[in-house]
file my_file.cif (mmCIF, C-alpha atoms)
data_upload
#
loop_
_atom_site.label_atom_id
_atom_site.label_comp_id
_atom_site.auth_asym_id
_atom_site.auth_seq_id
_atom_site.Cartn_x
_atom_site.Cartn_y
_atom_site.Cartn_z
CA MET A 1 -112.31 229.01 20.91
CA THR A 2 -112.90 227.08 24.15
CA ALA A 3 -109.95 226.26 26.45
CA GLY A 4 -107.52 226.32 23.56
CA LEU A 5 -109.70 224.13 21.38
CA ASP A 6 -111.54 225.26 18.29
CA GLU A 7 -115.24 224.44 18.06
CA PRO A 8 -115.01 221.02 16.35
CA GLN A 9 -112.32 219.89 18.79
CA ALA A 10 -114.45 221.04 21.73
CA ASP A 11 -117.35 219.06 20.30
CA HIS A 12 -115.18 215.94 20.12
CA SER A 13 -114.04 216.50 23.68
CA ALA A 14 -117.63 216.80 24.95
CA PHE A 15 -118.67 213.75 22.96
CA ASP A 16 -115.93 211.77 24.62
CA SER A 17 -116.98 212.55 28.17
CA VAL A 18 -117.43 209.60 30.50
CA VAL A 19 -121.00 210.55 31.40
CA ILE A 20 -122.14 210.66 27.81
CA ARG A 21 -120.39 207.38 27.01
CA THR A 22 -122.03 205.70 30.00
CA LEU A 23 -125.44 207.01 29.01
CA LEU A 24 -124.97 205.84 25.45
CA GLY A 25 -123.98 202.39 26.70
CA VAL A 26 -127.04 202.12 28.92
CA LEU A 27 -129.30 203.34 26.11
CA ALA A 28 -127.76 200.78 23.73
CA LEU A 29 -128.44 197.96 26.18
CA ALA A 30 -132.01 199.17 26.72
CA ALA A 31 -132.60 199.45 22.98
CA GLY A 32 -131.35 195.90 22.40
CA LEU A 33 -133.52 194.52 25.18
CA ALA A 34 -136.58 196.41 23.92
CA VAL A 35 -136.15 195.45 20.27
CA ALA A 36 -135.64 191.76 21.00
CA TRP A 37 -138.49 191.71 23.52
CA LEU A 38 -140.88 193.36 21.05
CA ALA A 39 -139.82 190.80 18.45
CA GLY A 40 -140.86 188.05 20.84
CA GLY A 41 -137.29 186.80 21.27
CA ARG A 42 -137.18 185.48 17.71
CA PRO A 43 -133.65 184.93 16.32
CA VAL A 44 -134.52 186.94 13.19
CA VAL A 45 -133.88 190.08 15.24
CA LEU A 46 -130.23 188.99 15.56
CA GLY A 47 -130.08 188.51 11.80
CA VAL A 48 -131.33 192.03 11.17
CA LEU A 49 -128.89 193.49 13.71
CA ALA A 50 -126.03 191.46 12.17
CA VAL A 51 -126.72 192.90 8.72
CA MET A 52 -126.84 196.47 10.09
CA LEU A 53 -123.66 195.90 12.10
CA ALA A 54 -121.88 194.50 9.04
CA ALA A 55 -122.86 197.50 6.90
CA GLY A 56 -121.62 199.98 9.52
CA ASN A 57 -118.44 198.00 10.06
CA GLY A 58 -117.62 197.98 6.35
CA TYR A 59 -118.24 201.70 6.03
CA GLY A 60 -116.35 202.64 9.19
CA LYS A 61 -113.35 200.48 8.32
CA ALA A 62 -112.31 203.07 5.75
CA TYR A 63 -111.52 205.45 8.62
CA SER A 64 -108.97 203.03 10.02
CA PRO A 65 -105.59 204.85 9.93
CA MET B 1 -117.30 198.72 -8.67
CA PHE B 2 -120.10 197.73 -6.27
CA ALA B 3 -120.48 194.32 -7.95
CA ALA B 4 -116.74 193.62 -7.57
CA TYR B 5 -117.18 194.00 -3.82
CA LEU B 6 -120.75 192.71 -3.36
CA VAL B 7 -120.46 189.38 -5.18
CA PRO B 8 -117.34 188.07 -3.35
CA GLY B 9 -118.64 189.47 -0.06
CA ALA B 10 -122.04 187.80 -0.32
CA ALA B 11 -120.63 184.53 -1.72
CA ALA B 12 -117.86 184.10 0.87
CA TRP B 13 -120.20 184.89 3.73
CA ALA B 14 -122.96 182.63 2.40
CA ALA B 15 -120.42 179.78 2.33
CA VAL B 16 -119.51 180.54 5.93
CA GLY B 17 -123.22 180.64 6.78
CA LEU B 18 -123.74 177.24 5.17
CA ALA B 19 -120.85 175.73 7.13
CA LEU B 20 -122.04 177.25 10.41
CA GLY B 21 -125.67 176.29 9.73
CA VAL B 22 -124.73 172.66 9.06
CA ALA B 23 -122.51 172.65 12.15
CA THR B 24 -125.37 173.91 14.34
CA VAL B 25 -127.65 171.17 12.99
CA GLU B 26 -125.03 168.47 13.60
CA ILE B 27 -123.99 169.80 17.00
CA ARG B 28 -127.23 170.62 18.75
CA TRP B 29 -125.83 172.82 21.52
CA LEU B 30 -123.68 174.93 19.18
CA SER B 31 -126.39 177.47 18.35
CA THR B 32 -127.18 178.16 22.00
CA ALA B 33 -123.46 178.31 22.80
CA ALA B 34 -123.01 180.87 20.01
CA LEU B 35 -125.89 182.87 21.48
CA VAL B 36 -124.30 182.91 24.93
CA ALA B 37 -120.90 183.74 23.41
CA SER B 38 -122.53 186.66 21.55
CA VAL B 39 -123.81 188.04 24.86
CA VAL B 40 -120.43 187.70 26.60
CA TYR B 41 -118.42 188.99 23.63
CA GLY B 42 -120.80 191.88 22.91
CA CYS B 43 -120.83 193.02 26.53
CA ALA B 44 -117.04 192.76 26.98
CA TYR B 45 -115.94 194.40 23.74
CA GLY B 46 -118.91 196.78 23.65
CA ALA B 47 -118.09 198.09 27.13
CA ALA B 48 -114.41 198.45 26.19
CA GLU B 49 -115.19 200.36 22.99
CA VAL B 50 -117.85 202.58 24.55
CA GLY B 51 -115.59 203.23 27.54
CA GLY B 52 -112.73 204.24 25.24
CA SER B 53 -110.40 201.57 26.59
CA PRO B 54 -107.57 200.63 24.21
CA TRP B 55 -107.61 197.08 25.63
CA PRO B 56 -108.61 194.49 24.50
CA ALA B 57 -107.77 195.04 20.85
CA ALA B 58 -110.33 193.80 18.35
CA PRO B 59 -109.64 190.16 17.48
CA GLY B 60 -108.61 189.36 13.93
CA ARG B 61 -105.78 189.43 11.47
CA ARG B 62 -103.21 192.21 11.08
CA TRP B 63 -102.60 191.55 7.38
CA GLN B 64 -103.04 194.35 4.83
CA VAL B 65 -103.15 194.04 1.04
CA PRO B 66 -99.51 194.22 -0.14
CA GLN B 67 -98.71 196.89 -2.72
CA ASP B 68 -96.87 194.45 -4.99
CA LEU B 69 -100.13 192.59 -5.53
CA LEU B 70 -101.45 195.68 -7.30
CA ILE B 71 -98.38 197.23 -8.92
CA GLY B 72 -98.63 196.84 -12.68
CA ALA B 73 -102.17 195.47 -12.54
CA SER B 74 -104.79 196.88 -14.89
CA PRO B 75 -107.57 198.97 -13.28
CA PRO B 76 -110.25 196.24 -13.67
CA ARG B 77 -107.91 193.63 -12.20
CA ARG B 78 -107.05 196.01 -9.36
CA VAL B 79 -110.76 196.51 -8.52
CA LEU B 80 -111.23 192.73 -8.68
CA VAL B 81 -108.35 192.10 -6.27
CA TRP B 82 -109.53 194.82 -3.88
CA GLY B 83 -113.13 193.64 -4.08
CA SER B 84 -112.29 189.97 -3.52
CA ILE B 85 -110.14 190.72 -0.48
CA LEU B 86 -111.87 193.72 1.10
CA GLY B 87 -115.48 192.78 0.27
CA PRO B 88 -115.73 189.71 2.53
CA GLY B 89 -113.39 191.34 5.07
CA PHE B 90 -111.93 188.13 6.56
CA LEU B 91 -108.32 188.60 5.48
CA THR B 92 -107.46 192.17 6.34
CA ARG B 93 -107.06 194.10 9.58
CA ASN B 94 -110.29 195.38 11.12
CA PRO B 95 -109.95 197.81 14.03
CA TYR B 96 -113.53 197.34 15.24
CA ALA B 97 -114.65 194.38 17.36
CA GLY B 98 -118.08 194.32 15.72
CA PHE B 99 -116.82 192.28 12.79
CA ALA B 100 -115.86 189.22 14.83
CA ILE B 101 -119.30 188.87 16.43
CA LEU B 102 -120.92 188.32 13.02
CA PRO B 103 -120.08 184.57 12.73
CA LEU B 104 -121.46 184.07 16.24
CA LEU B 105 -124.72 185.77 15.27
CA VAL B 106 -124.94 183.67 12.10
CA ALA B 107 -124.47 180.49 14.16
CA ALA B 108 -127.05 181.71 16.69
CA VAL B 109 -129.94 182.00 14.22
CA GLY B 110 -130.42 178.24 14.44
CA SER B 111 -131.21 176.79 10.99
CA VAL B 112 -129.27 176.20 7.78
CA PRO B 113 -131.42 178.38 5.44
CA ALA B 114 -131.55 181.22 7.98
CA ALA B 115 -127.78 181.04 8.55
CA VAL B 116 -127.07 181.17 4.78
CA ILE B 117 -129.47 184.10 4.24
CA VAL B 118 -128.23 186.11 7.24
CA ALA B 119 -124.58 185.46 6.37
CA GLY B 120 -125.09 186.31 2.68
CA LEU B 121 -126.89 189.54 3.53
CA ALA B 122 -124.27 190.45 6.15
CA GLY B 123 -121.49 189.84 3.63
CA ALA B 124 -123.26 191.93 1.01
CA ALA B 125 -123.88 194.69 3.56
CA HIS B 126 -120.23 194.71 4.66
CA ALA B 127 -119.02 194.81 1.07
CA ALA B 128 -121.49 197.56 0.13
CA GLY B 129 -120.41 199.64 3.12
CA ARG B 130 -116.76 199.18 2.18
CA ALA B 131 -117.38 200.13 -1.46
CA ALA B 132 -119.50 203.13 -0.46
CA ALA B 133 -116.72 204.37 1.82
CA LEU B 134 -114.17 204.04 -0.99
CA LEU B 135 -116.43 205.98 -3.35
CA ARG B 136 -116.86 208.63 -0.67
CA ASP B 137 -113.10 208.92 -0.16
CA SER B 138 -112.34 209.05 -3.86
CA ALA B 139 -114.77 211.95 -4.36
CA ARG B 140 -113.11 214.34 -1.90
CA PRO B 141 -109.65 215.33 -0.68
CA GLN B 142 -107.97 212.98 1.79
CA ASP B 143 -108.53 213.84 5.48
CA ASP B 144 -105.46 214.80 7.46
CA PRO B 145 -104.19 212.00 9.77
CA PHE B 146 -105.50 213.66 12.95
CA ALA B 147 -109.03 213.99 11.53
CA LEU B 148 -108.82 210.37 10.36
CA LEU B 149 -107.82 209.24 13.85
CA LEU B 150 -110.70 211.19 15.44
CA SER B 151 -113.14 209.66 12.96
CA SER B 152 -111.79 206.20 13.73
CA LEU B 153 -112.26 206.76 17.47
CA ARG B 154 -115.83 207.93 16.92
CA TRP B 155 -116.57 204.88 14.77
CA ARG B 156 -115.12 202.70 17.54
CA LEU B 157 -117.66 204.29 19.90
CA VAL B 158 -120.48 203.65 17.41
CA ASP B 159 -119.28 200.05 17.03
CA GLY B 160 -119.31 199.63 20.80
CA ILE B 161 -122.87 200.96 21.02
CA ALA B 162 -123.92 198.51 18.30
CA LEU B 163 -122.19 195.64 20.13
CA LEU B 164 -124.00 196.43 23.38
CA THR B 165 -127.33 196.58 21.52
CA VAL B 166 -126.64 193.20 19.90
CA ALA B 167 -125.50 191.69 23.21
CA ALA B 168 -128.70 192.79 24.96
CA ALA B 169 -130.84 191.48 22.11
CA ALA B 170 -128.95 188.16 22.17
CA ALA B 171 -129.56 187.89 25.91
CA VAL B 172 -133.32 188.25 25.36
CA VAL B 173 -133.28 185.69 22.53
CA ALA B 174 -131.31 183.30 24.77
CA GLY B 175 -133.84 183.83 27.54
CA PHE B 176 -136.75 182.97 25.24
CA ARG B 177 -134.89 179.92 23.86
CA ILE B 178 -133.92 178.48 27.22
CA ARG B 179 -137.33 179.17 28.80
#
call {"tool": "encode", "arguments": {"input": "my_file.cif", "output": "structure tokens"}}
result
Amino acid sequence: MTAGLDEPQADHSAFDSVVIRTLLGVLALAAGLAVAWLAGGRPVVLGVLAVMLAAGNGYGKAYSP
Amino acid sequence: MFAAYLVPGAAAWAAVGLALGVATVEIRWLSTAALVASVVYGCAYGAAEVGGSPWPAAPGRRWQVPQDLLIGASPPRRVLVWGSILGPGFLTRNPYAGFAILPLLVAAVGSVPAAVIVAGLAGAAHAAGRAAALLRDSARPQDDPFALLLSSLRWRLVDGIALLTVAAAAAVVAGFRIR
């Protein structure tokens, strides 16, 4: 137990911290820039990302309350 | 089960891809406008989802499949109805902003064949993800509502990360195209 939270809840709390969210956002931007740059700015990179985004969206939608 | 989701998902999205592809050929600036819109949309909604802000809500419909559409239906017909509606994903509520950027990305690829292929694959991927999640849920006991809410919030964060990645990639593609 940590501050009244059990271990999974504490993990969620840590995951939700502002610092981690900011870092994840910056990393996401950097990853997108790097991937598209390495692909030479070709639109196909957007197609690949769209397919991955669609798959994750479909899977995650089941968690919608 | 997978086919009942995959076929309508891929077909509906391929049709959308065809329409968007033709529109981008007819209207020359549309593809670049979609690219710029992808950057703006991805940054705005991605930052909101990663930051945990409840506003703005993901754009889209609020409709859910009504129970009376399924009551009394045979199991194959029920799967068909679910697959046709949930596979493409246009008609029902989607809590994540990532879904609405997909048509913009399809329009941004810049040619009719590419738009049809990307849209068809995206539709198939969305439908496969939806079907896989249903199979996952049917194979184990239902999560309690609090756990479901936490999972939804974590998926919203993942969706925001994906949106920021897409937005940054779209910015680079726009830079190369305009250069």
call {"tool": "interface_residues", "arguments": {"input": "my_file.cif", "of": "chain B", "to": "chain A", "cutoff": "7 Å", "atoms": "all atoms listed in the file", "output": "PyMOL selection string"}}
result
chain B and resi 50-51+94-95+98-99+102+105+109+118+121-122+125-130+132-133+148-149+151-152+155+161-162+164-166+168-170+172-173+176
call {"tool": "atom_distance", "arguments": {"input": "my_file.cif", "atom1": "CA of Gly9 in chain B", "atom2": "CA of Leu153 in chain B"}}
result
25.4 Å
call {"tool": "closest_residue", "arguments": {"input": "my_file.cif", "among": "B:Val36, B:Ala19, B:Leu163, B:Val79", "to": "Ala100 in chain B", "atoms": "only C-alpha atoms"}}
result
B:Leu163
call {"tool": "atom_distance", "arguments": {"input": "my_file.cif", "atom1": "CA of Leu150 in chain B", "atom2": "CA of Gly46 in chain B"}}
result
18.5 Å
call {"tool": "atom_distance", "arguments": {"input": "my_file.cif", "atom1": "CA of Ser31 in chain B", "atom2": "CA of Arg61 in chain B"}}
result
24.8 Å
call {"tool": "residues_around", "arguments": {"input": "my_file.cif", "residues": "Ala44 in chain B", "least_positions_apart": "2", "cutoff": "10 Å", "atoms": "all atoms listed in the file", "output": "list in words"}}
result
Ser38, Val39, Val40, Tyr41, Gly42, Gly46, Ala47, Ala48, Glu49, Pro56, Gly160, Leu163, Leu164 and Ala167 of chain B
call {"tool": "axis_aligned_box", "arguments": {"input": "my_file.cif", "around": "range 38-47 of chain B", "padding_each_side": "3 Å", "output": "JSON"}}
result
{"center_x": -119.9, "center_y": 192.4, "center_z": 24.3, "size_x": 13.9, "size_y": 17.4, "size_z": 11.6}
call {"tool": "closest_residue", "arguments": {"input": "my_file.cif", "among": "B:Leu157, B:Leu134, B:Ala23, B:Ala11", "to": "Trp82 in chain B", "atoms": "all atoms listed in the file"}}
result
B:Leu134
call {"tool": "resolve_selection", "arguments": {"input": "my_file.cif", "expression": "the PyMOL selection byres ((chain B and resi 112) around 7)", "output": "list in words"}}
result
Leu18, Gly21, Val22, Ser111, Pro113, Ala114, Ala115 and Val116 of chain B
call {"tool": "closest_residue", "arguments": {"input": "my_file.cif", "among": "B:Pro103, B:Ala12, B:Thr24, B:Ala108", "to": "Ala174 in chain B", "atoms": "only C-alpha atoms"}}
result
B:Ala108
call {"tool": "residues_around", "arguments": {"input": "my_file.cif", "residues": "Ala57 in chain B", "least_positions_apart": "4", "cutoff": "9 Å", "atoms": "all atoms listed in the file", "output": "PyMOL selection string"}}
result
chain B and resi 45+95-97
